[in-house]
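Have a look at query-v9.txt below; it lists compact mmCIF, C-alpha atoms and all ligand atoms.
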```txt
# COMPACT_ATOMS: atom_id res chain seq x y z
CA MET A 1 226.33 189.87 -55.25
CA ALA A 2 224.93 189.43 -51.70
CA SER A 3 224.92 185.90 -50.23
CA ARG A 4 221.54 184.18 -50.13
CA ALA A 5 219.99 181.11 -48.46
CA SER A 6 222.28 178.04 -48.56
CA ASP A 7 220.14 176.21 -51.16
CA SER A 8 220.61 178.97 -53.72
CA PRO A 9 224.17 179.01 -55.02
CA ILE A 10 225.98 182.31 -55.09
CA VAL A 11 226.39 183.23 -58.70
CA THR A 12 229.09 185.66 -59.60
CA VAL A 13 228.26 187.42 -62.81
CA PRO A 14 231.45 188.57 -64.51
CA ASP A 15 231.30 192.23 -65.47
CA ALA A 16 230.95 192.02 -69.24
CA ARG A 17 232.66 195.38 -69.58
CA VAL A 18 235.94 194.19 -68.05
CA LEU A 19 238.57 193.31 -70.64
CA ASP A 20 240.64 190.17 -70.21
CA VAL A 21 243.96 192.00 -70.42
CA GLU A 22 246.10 188.86 -70.04
CA ARG A 23 244.47 187.34 -73.13
CA ILE A 24 244.70 190.60 -75.01
CA LYS A 25 248.41 190.96 -74.21
CA ALA A 26 249.01 187.48 -75.64
CA ASP A 27 247.63 188.67 -78.99
CA PHE A 28 250.39 191.29 -79.35
CA PRO A 29 253.73 189.61 -80.17
CA ILE A 30 255.77 192.75 -79.49
CA LEU A 31 254.62 192.84 -75.87
CA SER A 32 256.81 189.84 -75.08
CA GLU A 33 259.93 191.76 -76.19
CA ARG A 34 262.50 192.44 -73.47
CA ILE A 35 263.73 196.04 -73.34
CA ASN A 36 266.98 196.59 -71.43
CA ASP A 37 266.42 193.14 -69.98
CA LYS A 38 263.06 194.17 -68.54
CA ARG A 39 259.48 193.36 -69.40
CA LEU A 40 258.22 195.88 -72.00
CA VAL A 41 255.65 198.24 -70.50
CA TYR A 42 254.32 200.11 -73.51
CA LEU A 43 252.74 203.42 -72.50
CA ASP A 44 253.20 205.43 -75.70
CA ASN A 45 249.87 204.54 -77.26
CA ALA A 46 248.90 208.12 -78.06
CA ALA A 47 251.89 208.20 -80.44
CA THR A 48 251.08 204.82 -81.99
CA SER A 49 249.51 201.60 -80.77
CA GLN A 50 250.94 198.09 -81.05
CA LYS A 51 249.44 195.61 -83.53
CA PRO A 52 247.71 192.32 -82.77
CA ARG A 53 248.62 189.11 -84.59
CA GLU A 54 245.41 189.42 -86.68
CA VAL A 55 246.64 192.67 -88.24
CA ILE A 56 250.16 191.38 -88.86
CA ASN A 57 248.71 188.23 -90.44
CA ALA A 58 246.33 190.25 -92.61
CA LEU A 59 249.32 192.12 -94.06
CA LEU A 60 251.15 188.87 -94.80
CA GLU A 61 247.99 187.34 -96.21
CA TYR A 62 247.53 190.25 -98.60
CA TYR A 63 251.05 189.91 -100.01
CA ARG A 64 250.82 186.11 -100.12
CA LYS A 65 247.37 185.72 -101.63
CA MET A 66 246.02 188.85 -103.27
CA ASN A 67 248.73 191.38 -104.13
CA ALA A 68 247.44 193.33 -107.14
CA ASN A 69 246.48 196.88 -107.99
CA ILE A 70 242.86 197.75 -107.33
CA HIS A 71 239.93 199.18 -109.28
CA ARG A 72 241.53 198.51 -112.67
CA GLY A 73 242.61 194.90 -113.21
CA LEU A 74 240.09 192.35 -114.40
CA HIS A 75 241.95 189.29 -113.18
CA THR A 76 241.15 187.32 -110.05
CA LEU A 77 243.86 188.80 -107.83
CA ALA A 78 242.79 192.34 -108.72
CA GLU A 79 239.21 191.47 -107.89
CA ARG A 80 240.24 189.96 -104.55
CA ALA A 81 242.29 193.01 -103.62
CA THR A 82 239.60 195.46 -104.76
CA SER A 83 236.90 193.69 -102.85
CA ALA A 84 239.01 193.53 -99.64
CA TYR A 85 239.94 197.23 -99.95
CA GLU A 86 236.32 198.27 -100.47
CA HIS A 87 235.24 196.00 -97.64
CA THR A 88 237.46 198.04 -95.28
CA ARG A 89 235.77 201.21 -96.50
CA THR A 90 232.31 199.85 -95.67
CA HIS A 91 233.60 198.56 -92.32
CA THR A 92 235.09 201.97 -91.47
CA ALA A 93 231.81 203.67 -92.38
CA ASP A 94 229.99 201.30 -89.98
CA PHE A 95 232.60 201.80 -87.26
CA ILE A 96 231.95 205.54 -87.02
CA GLY A 97 228.20 205.27 -86.79
CA GLY A 98 226.94 203.79 -90.04
CA VAL A 99 227.64 206.51 -92.58
CA LYS A 100 227.73 205.91 -96.35
CA PRO A 101 230.88 204.13 -97.63
CA GLU A 102 231.39 206.91 -100.19
CA GLU A 103 231.74 209.35 -97.30
CA ILE A 104 234.97 207.57 -96.28
CA VAL A 105 238.19 208.63 -98.03
CA PHE A 106 241.46 206.84 -97.26
CA THR A 107 244.53 209.02 -96.84
CA ARG A 108 247.97 208.51 -95.28
CA GLY A 109 246.91 209.70 -91.81
CA THR A 110 245.06 212.35 -89.84
CA THR A 111 247.57 214.94 -91.04
CA GLU A 112 246.84 214.23 -94.68
CA SER A 113 243.08 214.07 -94.05
CA ILE A 114 243.13 217.58 -92.58
CA ASN A 115 245.40 218.89 -95.34
CA LEU A 116 242.98 217.43 -97.89
CA VAL A 117 240.19 219.57 -96.43
CA ALA A 118 242.40 222.67 -96.20
CA TYR A 119 243.58 222.37 -99.82
CA THR A 120 240.17 221.55 -101.31
CA TRP A 121 237.25 222.89 -99.25
CA GLY A 122 239.52 225.54 -97.70
CA GLU A 123 240.89 226.87 -100.98
CA GLN A 124 237.38 227.08 -102.34
CA ASN A 125 235.56 228.55 -99.35
CA ILE A 126 237.95 230.63 -97.25
CA GLY A 127 238.51 234.23 -98.28
CA GLU A 128 239.85 237.50 -97.00
CA ASP A 129 238.28 238.57 -93.70
CA ASP A 130 236.92 235.08 -92.99
CA GLU A 131 237.74 233.55 -89.64
CA ILE A 132 238.88 230.05 -88.70
CA LEU A 133 238.49 229.24 -85.03
CA VAL A 134 241.21 226.87 -83.80
CA SER A 135 241.55 225.66 -80.23
CA GLU A 136 244.71 226.30 -78.26
CA MET A 137 245.08 222.59 -77.48
CA GLU A 138 245.31 221.39 -81.11
CA HIS A 139 247.99 219.07 -82.40
CA HIS A 140 249.99 220.85 -85.12
CA ALA A 141 248.12 218.66 -87.65
CA ASN A 142 244.97 220.65 -86.91
CA PHE A 143 246.72 224.00 -86.59
CA VAL A 144 249.38 224.41 -89.27
CA PRO A 145 247.15 223.59 -92.31
CA TRP A 146 244.70 226.33 -91.16
CA PHE A 147 247.46 228.77 -90.35
CA GLN A 148 248.95 228.28 -93.82
CA LEU A 149 245.54 228.55 -95.49
CA ALA A 150 244.83 231.78 -93.62
CA GLN A 151 248.21 233.17 -94.76
CA ARG A 152 247.44 232.30 -98.38
CA LYS A 153 243.95 233.79 -98.26
CA GLY A 154 244.34 236.78 -95.93
CA ALA A 155 241.94 235.15 -93.48
CA THR A 156 242.18 235.31 -89.69
CA ILE A 157 242.96 232.49 -87.28
CA ARG A 158 241.17 233.02 -83.99
CA LYS A 159 242.15 231.20 -80.82
CA LEU A 160 239.64 229.22 -78.80
CA PRO A 161 241.48 229.46 -75.47
CA ILE A 162 241.98 226.80 -72.81
CA THR A 163 241.86 226.81 -69.02
CA VAL A 164 244.53 225.76 -66.53
CA CYS A 165 242.43 222.66 -65.80
CA GLY A 166 242.83 221.57 -69.43
CA HIS A 167 239.35 222.39 -70.71
CA LEU A 168 238.30 224.62 -73.58
CA ASP A 169 237.42 228.06 -72.23
CA LEU A 170 233.93 228.58 -73.66
CA SER A 171 233.21 231.78 -71.70
CA ASP A 172 233.50 233.96 -74.83
CA ILE A 173 232.29 231.40 -77.37
CA ASP A 174 229.31 233.50 -78.58
CA ASN A 175 231.77 236.14 -79.68
CA LEU A 176 234.38 233.71 -81.01
CA ILE A 177 231.91 231.93 -83.27
CA ASN A 178 230.31 234.74 -85.25
CA GLU A 179 229.08 235.58 -88.75
CA LYS A 180 232.69 235.74 -90.04
CA THR A 181 233.52 232.23 -88.81
CA LYS A 182 233.77 229.72 -91.65
CA LEU A 183 235.29 226.79 -89.78
CA VAL A 184 235.77 225.55 -86.23
CA ALA A 185 238.78 223.18 -85.97
CA VAL A 186 238.86 221.24 -82.72
CA SER A 187 240.15 217.91 -81.46
CA HIS A 188 237.73 215.37 -80.05
CA MET A 189 240.33 214.37 -77.47
CA SER A 190 243.51 216.25 -76.62
CA ASN A 191 246.76 214.33 -77.08
CA VAL A 192 248.31 216.24 -74.16
CA PHE A 193 245.56 216.85 -71.58
CA GLY A 194 243.45 213.85 -72.52
CA THR A 195 240.40 216.14 -72.38
CA VAL A 196 237.34 215.01 -74.31
CA ASN A 197 235.94 218.18 -75.85
CA PRO A 198 232.21 219.04 -76.21
CA VAL A 199 232.24 218.52 -79.96
CA LYS A 200 228.48 218.12 -80.34
CA ASP A 201 227.81 221.41 -78.59
CA LEU A 202 230.47 223.17 -80.71
CA ALA A 203 228.98 221.65 -83.88
CA GLN A 204 225.58 223.09 -83.01
CA ARG A 205 227.09 226.51 -82.33
CA ALA A 206 229.14 226.43 -85.54
CA HIS A 207 226.12 225.45 -87.64
CA ALA A 208 223.92 228.09 -86.02
CA ALA A 209 226.47 230.67 -87.20
CA GLY A 210 226.64 229.18 -90.71
CA ALA A 211 230.12 227.69 -90.13
CA LEU A 212 231.39 224.12 -90.50
CA ILE A 213 233.27 222.06 -87.94
CA LEU A 214 236.26 219.79 -88.52
CA THR A 215 237.04 217.39 -85.71
CA ASP A 216 240.44 215.78 -85.26
CA GLY A 217 239.53 212.34 -83.95
CA ALA A 218 243.06 210.91 -83.92
CA GLN A 219 242.96 210.38 -80.14
CA ALA A 220 239.26 209.65 -79.79
CA ALA A 221 238.44 207.07 -82.48
CA PRO A 222 240.81 204.45 -80.95
CA HIS A 223 239.31 204.77 -77.49
CA MET A 224 235.53 205.29 -77.51
CA PRO A 225 232.45 204.63 -79.63
CA ILE A 226 232.18 207.26 -82.36
CA ASP A 227 229.00 208.33 -84.11
CA VAL A 228 229.79 211.19 -86.47
CA THR A 229 226.13 211.68 -87.33
CA ASP A 230 225.19 212.11 -83.69
CA LEU A 231 228.16 214.46 -83.16
CA ASP A 232 226.87 216.36 -86.21
CA VAL A 233 230.39 217.14 -87.45
CA ASP A 234 231.12 218.04 -91.06
CA PHE A 235 234.59 216.52 -91.22
CA TYR A 236 236.13 213.87 -88.94
CA ALA A 237 239.75 212.71 -89.34
CA PHE A 238 241.66 209.85 -87.71
CA SER A 239 244.60 207.44 -88.16
CA SER A 240 244.68 203.64 -88.37
CA HIS A 241 248.06 203.32 -86.62
CA LYS A 242 246.74 204.68 -83.31
CA MET A 243 243.96 202.05 -83.24
CA LEU A 244 245.83 198.75 -83.77
CA GLY A 245 246.06 199.18 -87.55
CA PRO A 246 249.09 199.71 -89.80
CA THR A 247 250.85 203.01 -90.37
CA GLY A 248 250.17 204.95 -93.57
CA VAL A 249 246.36 204.80 -93.43
CA GLY A 250 244.21 207.75 -92.49
CA VAL A 251 240.49 208.26 -92.69
CA LEU A 252 238.56 211.33 -93.66
CA TYR A 253 234.82 211.38 -93.17
CA ALA A 254 232.86 214.24 -94.72
CA ARG A 255 229.20 214.65 -95.49
CA GLU A 256 228.50 213.55 -99.06
CA GLU A 257 227.18 216.94 -100.23
CA LEU A 258 230.38 218.61 -99.04
CA TYR A 259 232.55 216.09 -100.87
CA ARG A 260 230.50 216.60 -104.04
CA ASP A 261 231.29 220.33 -104.08
CA MET A 262 234.96 219.94 -103.15
CA PRO A 263 237.61 219.81 -105.90
CA PRO A 264 239.97 216.79 -106.01
CA PHE A 265 243.15 216.79 -103.92
CA ASN A 266 245.69 214.75 -105.89
CA TYR A 267 245.35 214.74 -109.66
CA GLY A 268 246.39 211.74 -111.78
CA GLY A 269 245.35 208.14 -112.29
CA GLU A 270 242.38 206.52 -110.55
CA MET A 271 240.58 209.78 -109.78
CA ILE A 272 239.37 210.60 -113.30
CA SER A 273 236.33 209.78 -115.37
CA GLN A 274 237.48 211.00 -118.83
CA VAL A 275 240.79 212.55 -119.90
CA GLY A 276 241.38 214.37 -123.17
CA PHE A 277 243.39 217.33 -124.44
CA ASP A 278 240.21 219.40 -124.41
CA LYS A 279 238.69 218.28 -121.13
CA VAL A 280 239.23 216.24 -117.95
CA THR A 281 236.36 214.99 -115.81
CA PHE A 282 236.66 213.36 -112.41
CA ALA A 283 235.57 210.06 -110.91
CA ASP A 284 232.63 209.75 -108.58
CA LEU A 285 232.94 209.68 -104.79
CA PRO A 286 235.07 208.64 -103.04
CA TYR A 287 237.58 207.87 -105.83
CA LYS A 288 237.85 211.52 -106.84
CA PHE A 289 239.90 212.01 -103.64
CA GLU A 290 242.08 208.90 -103.95
CA GLY A 291 244.39 209.71 -106.88
CA GLY A 292 247.16 207.20 -107.63
CA THR A 293 247.69 203.73 -106.19
CA PRO A 294 246.56 203.87 -102.58
CA ASN A 295 248.09 202.07 -99.61
CA ILE A 296 246.26 198.86 -100.50
CA ALA A 297 247.92 196.38 -98.13
CA ASP A 298 247.64 198.58 -95.06
CA VAL A 299 244.03 199.59 -95.74
CA ILE A 300 243.13 195.90 -96.06
CA ALA A 301 244.91 195.08 -92.78
CA PHE A 302 243.14 198.01 -91.06
CA ASP A 303 239.97 195.94 -91.43
CA ALA A 304 241.43 193.38 -89.01
CA ALA A 305 242.15 196.17 -86.50
CA LEU A 306 238.54 197.36 -86.65
CA SER A 307 237.32 193.79 -86.18
CA TYR A 308 239.60 193.32 -83.18
CA LEU A 309 238.25 196.47 -81.52
CA GLU A 310 234.67 195.51 -82.32
CA LYS A 311 235.21 192.08 -80.83
CA LEU A 312 236.17 193.77 -77.57
CA GLY A 313 233.40 196.35 -77.92
CA MET A 314 234.22 200.06 -77.97
CA GLU A 315 232.11 200.67 -74.83
CA ASN A 316 234.26 198.08 -73.03
CA VAL A 317 237.46 199.61 -74.39
CA HIS A 318 236.34 202.98 -73.07
CA HIS A 319 235.32 201.52 -69.70
CA HIS A 320 238.66 199.72 -69.31
CA GLU A 321 240.63 202.86 -70.12
CA THR A 322 238.58 204.97 -67.75
CA GLU A 323 239.38 202.51 -64.95
CA ILE A 324 243.09 202.36 -65.74
CA THR A 325 243.31 206.15 -66.09
CA ARG A 326 241.58 206.67 -62.74
CA TYR A 327 244.05 204.26 -61.14
CA ALA A 328 246.99 205.98 -62.87
CA LEU A 329 245.87 209.47 -61.76
CA ASP A 330 245.54 208.24 -58.16
CA ARG A 331 248.88 206.47 -58.11
CA LEU A 332 250.79 209.24 -59.91
CA SER A 333 249.53 211.72 -57.33
CA GLU A 334 251.56 209.71 -54.75
CA VAL A 335 254.83 210.63 -56.49
CA LYS A 336 256.45 213.65 -54.86
CA GLY A 337 257.33 216.49 -57.22
CA LEU A 338 254.96 215.51 -60.07
CA GLU A 339 252.55 217.95 -61.67
CA ILE A 340 249.79 216.21 -63.63
CA GLN A 341 248.11 218.07 -66.49
CA GLY A 342 244.52 217.90 -67.66
CA PRO A 343 241.20 217.16 -65.95
CA GLN A 344 241.29 214.92 -62.88
CA ASP A 345 237.74 213.70 -63.43
CA THR A 346 237.82 210.63 -65.67
CA SER A 347 234.34 211.39 -67.01
CA GLU A 348 235.93 214.39 -68.77
CA ARG A 349 239.02 212.77 -70.15
CA GLY A 350 240.67 209.85 -71.91
CA SER A 351 243.82 207.90 -71.23
CA ALA A 352 246.64 210.26 -72.30
CA VAL A 353 248.20 211.52 -69.06
CA SER A 354 250.85 214.25 -69.26
CA PHE A 355 253.01 215.18 -66.32
CA THR A 356 256.18 216.99 -65.35
CA ASP A 357 258.60 216.55 -62.46
CA LYS A 358 259.64 219.78 -60.79
CA ASP A 359 263.30 218.67 -60.71
CA ILE A 360 263.81 216.38 -63.71
CA HIS A 361 263.51 217.18 -67.43
CA PRO A 362 260.89 215.13 -69.33
CA HIS A 363 263.59 213.77 -71.67
CA ASP A 364 265.53 212.45 -68.67
CA ILE A 365 262.32 210.93 -67.30
CA SER A 366 261.76 209.12 -70.60
CA THR A 367 265.35 207.89 -70.77
CA TYR A 368 265.29 206.68 -67.16
CA LEU A 369 262.00 204.85 -67.71
CA ASP A 370 263.35 203.25 -70.89
CA TYR A 371 266.21 201.71 -68.85
CA ASN A 372 263.38 200.07 -66.92
CA GLY A 373 261.60 198.78 -70.03
CA ILE A 374 258.91 201.49 -69.88
CA ALA A 375 258.10 203.40 -73.08
CA ILE A 376 256.51 206.83 -72.67
CA ARG A 377 256.66 209.98 -74.80
CA ALA A 378 258.47 213.16 -73.81
CA GLY A 379 258.46 216.41 -75.76
CA HIS A 380 256.08 219.10 -76.94
CA HIS A 381 253.72 216.46 -78.43
CA CYS A 382 253.32 218.57 -81.60
CA ALA A 383 251.31 221.04 -79.52
CA GLN A 384 253.56 224.07 -79.10
CA PRO A 385 250.74 226.61 -78.57
CA LEU A 386 249.53 224.45 -75.67
CA MET A 387 253.07 224.16 -74.26
CA LYS A 388 253.38 227.95 -74.45
CA PHE A 389 250.13 228.27 -72.49
CA LEU A 390 251.55 225.92 -69.83
CA GLY A 391 254.86 227.81 -69.80
CA LYS A 392 256.73 224.58 -70.49
CA VAL A 393 258.89 223.34 -73.35
CA ALA A 394 257.93 219.72 -72.85
CA THR A 395 256.01 217.24 -70.72
CA ALA A 396 256.23 213.51 -70.17
CA ARG A 397 253.17 211.54 -71.28
CA ALA A 398 251.99 208.05 -70.40
CA SER A 399 249.09 206.88 -72.53
CA PHE A 400 247.16 203.66 -71.98
CA TYR A 401 245.35 201.19 -74.20
CA ILE A 402 243.55 197.86 -74.13
CA TYR A 403 246.65 195.81 -73.19
CA ASN A 404 247.66 197.95 -70.21
CA ASP A 405 246.76 196.97 -66.68
CA ARG A 406 247.35 198.07 -63.10
CA ALA A 407 250.69 196.26 -63.05
CA ASP A 408 251.85 198.56 -65.88
CA VAL A 409 250.78 201.63 -63.90
CA ASP A 410 252.53 200.25 -60.78
CA ALA A 411 255.72 199.70 -62.80
CA LEU A 412 255.57 203.31 -64.01
CA VAL A 413 254.96 204.76 -60.55
CA GLU A 414 257.65 202.65 -58.87
CA ALA A 415 260.19 203.62 -61.54
CA LEU A 416 259.31 207.33 -61.11
CA ILE A 417 259.82 207.08 -57.33
CA GLU A 418 263.10 205.24 -57.86
CA MET A 419 264.15 207.85 -60.45
CA ARG A 420 263.84 210.65 -57.90
CA ARG A 421 266.11 208.70 -55.54
CA TYR A 422 268.58 208.11 -58.38
CA PHE A 423 268.71 211.84 -59.21
CA GLY A 424 268.99 212.69 -55.51
CA VAL A 425 265.90 214.93 -55.45
N1 LIG B 1 245.98 214.85 -84.14
C1 LIG B 1 246.24 214.37 -82.92
C2 LIG B 1 245.38 214.79 -81.77
C3 LIG B 1 247.31 213.50 -82.73
O1 LIG B 1 247.59 213.03 -81.52
C4 LIG B 1 248.09 213.13 -83.85
C5 LIG B 1 249.26 212.24 -83.70
O2 LIG B 1 249.87 212.15 -82.68
C6 LIG B 1 247.75 213.66 -85.10
C7 LIG B 1 246.70 214.51 -85.21
C8 LIG B 1 248.55 213.32 -86.33
O3 LIG B 1 248.31 212.00 -86.70
P1 LIG B 1 249.16 211.35 -87.90
O4 LIG B 1 250.61 211.56 -87.54
O5 LIG B 1 248.77 209.92 -87.87
O6 LIG B 1 248.80 212.04 -89.14
```

Encoding of this model in structure tokens:
Amino acid sequence: MASRASDSPIVTVPDARVLDVERIKADFPILSERINDKRLVYLDNAATSQKPREVINALLEYYRKMNANIHRGLHTLAERATSAYEHTRTHTADFIGGVKPEEIVFTRGTTESINLVAYTWGEQNIGEDDEILVSEMEHHANFVPWFQLAQRKGATIRKLPITVCGHLDLSDIDNLINEKTKLVAVSHMSNVFGTVNPVKDLAQRAHAAGALILTDGAQAAPHMPIDVTDLDVDFYAFSSHKMLGPTGVGVLYAREELYRDMPPFNYGGEMISQVGFDKVTFADLPYKFEGGTPNIADVIAFDAALSYLEKLGMENVHHHETEITRYALDRLSEVKGLEIQGPQDTSERGSAVSFTDKDIHPHDISTYLDYNGIAIRAGHHCAQPLMKFLGKVATARASFYIYNDRADVDALVEALIEMRRYFGV
């Protein structure tokens, strides 16, 4: 703010969008761990995020004060557990744009959410000669279920190609989405390039051709505000463990009318209405898709993760990550021998940054960084078609979240420079 006359004090207005990273770090007990006698710099958030004290406490609280099976017991503990579990469902529905709670089904993760759609909607609606359009940058979770379905049904998987800059190549999209297309399967944000894909535009194109769209939101839901109604997607899948919540909880959103027509996924207890030797009828939504005892404790603790993110504000989370990613892209470009993948423009991408070193294997990069307390991911990132496109077997990937700051990026860059000296390249 510009200085004014001496009688009017200079007021500095803190930027409300800036996260207080020091305070956030203090909420995550694991971040004070020492790794190889160094401060832990955790940059493997695209694989899984760390958990704040609120989430850890919510798990303990569940086992201490309300452990019971849900939806069936009539005693107080069962009512407590049921109400907390259903509260998370309503909270999740609000978190992705205020959809109906019955449009939220809890699964074990994004992988199971997508398999649920493949085995139910897919089995019912995909036939011989139908086409499923899958992007070349998909995680195997949004590739293999469609590939297997196509094999079972005699359908065709078509490739939505990518460009060397890490974008979807939409130049032939009018041909790729056609009257044979039944489903477009695309990630909202790539786990390798970090690219944020034009899901809304693809949804419009899919619908115009009479097809549906399934969006893999595993890398997007943790990092930006999500409104599935505005995106106009038919299915949206994501995982709790990548957004501060426990492992073993996935979310599947689908429009209610789709769910109504889809057959159940797992058959057994909890998902039925009436069972007899002559006839079985199924429970109403969403229970028809949640056969058996669900992951009660972790779903309940996921609520605390959503609250933590909401307290920060998803716009602010996104703003913080854009800043840190811009800084990381700038600083990484100073390291000799590095090739950085994905868009350079932070308005087109999120905070997963993949790179290779022309002289050092990604696995060696990861091991070297680990000696320095820095956790990154190295490998094919469950995206082998993308790796084939790049002509690589693996990349290294640093991925940032709410508790990362410029000092973490500096530690990464300094260790990479030191690594090249160590390897004599
Ligand atoms: N989709 C994307 C884009 C991912 O990054 C991941 C996990 O890394 C998945 C799907 C699979 O998620 P989960 O292992 O939680 O099922």

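Restricting the calculation to all atoms listed in the file, the smallest distance between Asp357 in chain A and any of A:Arg377, A:Arg152, A:Lys388, A:Thr395 is found for A:Thr395.
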
* Give me the residues within 10 Å of Gly337 in chain A as JSON, numbers by chain, counting all atoms listed in the file and dropping any in the same chain fewer than 6 places off. => {"A": [356, 357, 358, 359, 360, 417, 420, 425]}

* Asked: How many Å lie between CA of Asp261 in chain A and CA of Arg205 in chain A, rounded to one decimal?
  -> 23.0 Å

* Neighbourhood of ligand LIG 1 (chain B) at 9 Å, counting only C-alpha atoms and all ligand atoms, reported as a ChimeraX atom specification -> /A:46-48,108-114,137-142,187-192,216-220,237-242,247-250,381-383

* Asked: For Phe355 in chain A, which of A:Pro161, A:Pro294, A:Gly127, A:Gly194 is the closest residue, counting only C-alpha atoms?
  -> A:Gly194

* **CA of Pro286 in chain A to CA of Gly268 in chain A, straight-line distance in Å** =>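 Computing it gives 14.6 Å between the two atoms.
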
* Hey, can you check how far CA of Pro343 in chain A sits from CA of Arg331 in chain A? -> 15.3 Å

* Asked: Between A:Leu231, A:Met224, A:Ala78, A:Leu252, which has the minimum distance to Ser351 in chain A (counting all atoms listed in the file)?
  ->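 So, comparing all the options, the nearest one is A:Met224.
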
* Can you work out which one of A:Lys51, A:Arg255, A:Arg39, A:Arg397 has the shortest atom-to-atom distance to Pro362 in chain A, counting all atoms listed in the file? => A:Arg397

* To do: Please provide as number ranges by chain all residues within 8 Å of Pro52 in chain A, with the sequence filter that same-chain residues fewer than 5 positions apart are discarded (counting only C-alpha atoms).
  => A: 27-29, 244, 305

How would the residues just picked look written out with C-alpha atoms as a PDB file, in the coordinates of the input?
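selection_38.pdb, freshly written:
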```pdb
ATOM      1  CA  ASP A  27     247.630 188.670 -78.990  1.00  0.00           C
ATOM      2  CA  PHE A  28     250.390 191.290 -79.350  1.00  0.00           C
ATOM      3  CA  PRO A  29     253.730 189.610 -80.170  1.00  0.00           C
ATOM      4  CA  LEU A 244     245.830 198.750 -83.770  1.00  0.00           C
ATOM      5  CA  ALA A 305     242.150 196.170 -86.500  1.00  0.00           C
TER       6      ALA A 305
END
```

* Point out the residue among A:Ile300, A:Leu329, A:Ala185, A:Leu258 with the least atom-to-atom distance to Gln124 in chain A, counting all atoms listed in the file. =>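 For Gln124 in chain A, the nearest of the given residues is A:Leu258.
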
* Which residues come within 8 Å of Phe95 in chain A, counting all atoms listed in the file, excluding same-chain residues fewer than 3 positions away, as a VMD selection string? -> chain A and resid 91 to 92 98 226 306

As a PDB file, keeping the file's coordinate frame, the rebuilt range 409-419 of chain A with N, CA, C and O atoms:
```pdb
ATOM      1  N   VAL A 409     250.801 200.341 -64.614  1.00  0.00           N
ATOM      2  CA  VAL A 409     250.780 201.630 -63.900  1.00  0.00           C
ATOM      3  C   VAL A 409     251.709 201.543 -62.689  1.00  0.00           C
ATOM      4  O   VAL A 409     252.501 202.462 -62.421  1.00  0.00           O
ATOM      5  N   ASP A 410     251.664 200.422 -61.955  1.00  0.00           N
ATOM      6  CA  ASP A 410     252.530 200.250 -60.780  1.00  0.00           C
ATOM      7  C   ASP A 410     254.005 200.322 -61.199  1.00  0.00           C
ATOM      8  O   ASP A 410     254.818 200.947 -60.521  1.00  0.00           O
ATOM      9  N   ALA A 411     254.329 199.678 -62.333  1.00  0.00           N
ATOM     10  CA  ALA A 411     255.720 199.700 -62.800  1.00  0.00           C
ATOM     11  C   ALA A 411     256.159 201.131 -63.094  1.00  0.00           C
ATOM     12  O   ALA A 411     257.265 201.548 -62.729  1.00  0.00           O
ATOM     13  N   LEU A 412     255.261 201.911 -63.703  1.00  0.00           N
ATOM     14  CA  LEU A 412     255.570 203.310 -64.010  1.00  0.00           C
ATOM     15  C   LEU A 412     255.804 204.099 -62.723  1.00  0.00           C
ATOM     16  O   LEU A 412     256.816 204.808 -62.585  1.00  0.00           O
ATOM     17  N   VAL A 413     254.884 203.965 -61.781  1.00  0.00           N
ATOM     18  CA  VAL A 413     254.960 204.760 -60.550  1.00  0.00           C
ATOM     19  C   VAL A 413     256.198 204.373 -59.740  1.00  0.00           C
ATOM     20  O   VAL A 413     256.942 205.237 -59.259  1.00  0.00           O
ATOM     21  N   GLU A 414     256.465 203.074 -59.633  1.00  0.00           N
ATOM     22  CA  GLU A 414     257.650 202.650 -58.870  1.00  0.00           C
ATOM     23  C   GLU A 414     258.933 203.161 -59.521  1.00  0.00           C
ATOM     24  O   GLU A 414     259.842 203.616 -58.829  1.00  0.00           O
ATOM     25  N   ALA A 415     258.983 203.130 -60.852  1.00  0.00           N
ATOM     26  CA  ALA A 415     260.190 203.620 -61.540  1.00  0.00           C
ATOM     27  C   ALA A 415     260.345 205.137 -61.338  1.00  0.00           C
ATOM     28  O   ALA A 415     261.464 205.640 -61.184  1.00  0.00           O
ATOM     29  N   LEU A 416     259.224 205.871 -61.307  1.00  0.00           N
ATOM     30  CA  LEU A 416     259.310 207.330 -61.110  1.00  0.00           C
ATOM     31  C   LEU A 416     259.818 207.646 -59.690  1.00  0.00           C
ATOM     32  O   LEU A 416     260.611 208.572 -59.497  1.00  0.00           O
ATOM     33  N   ILE A 417     259.370 206.866 -58.722  1.00  0.00           N
ATOM     34  CA  ILE A 417     259.820 207.080 -57.330  1.00  0.00           C
ATOM     35  C   ILE A 417     261.320 206.767 -57.233  1.00  0.00           C
ATOM     36  O   ILE A 417     262.105 207.535 -56.671  1.00  0.00           O
ATOM     37  N   GLU A 418     261.701 205.661 -57.856  1.00  0.00           N
ATOM     38  CA  GLU A 418     263.100 205.240 -57.860  1.00  0.00           C
ATOM     39  C   GLU A 418     263.984 206.281 -58.584  1.00  0.00           C
ATOM     40  O   GLU A 418     265.102 206.573 -58.165  1.00  0.00           O
ATOM     41  N   MET A 419     263.427 206.842 -59.673  1.00  0.00           N
ATOM     42  CA  MET A 419     264.150 207.850 -60.450  1.00  0.00           C
ATOM     43  C   MET A 419     264.513 209.058 -59.580  1.00  0.00           C
ATOM     44  O   MET A 419     265.616 209.586 -59.658  1.00  0.00           O
TER      45      MET A 419
END
```
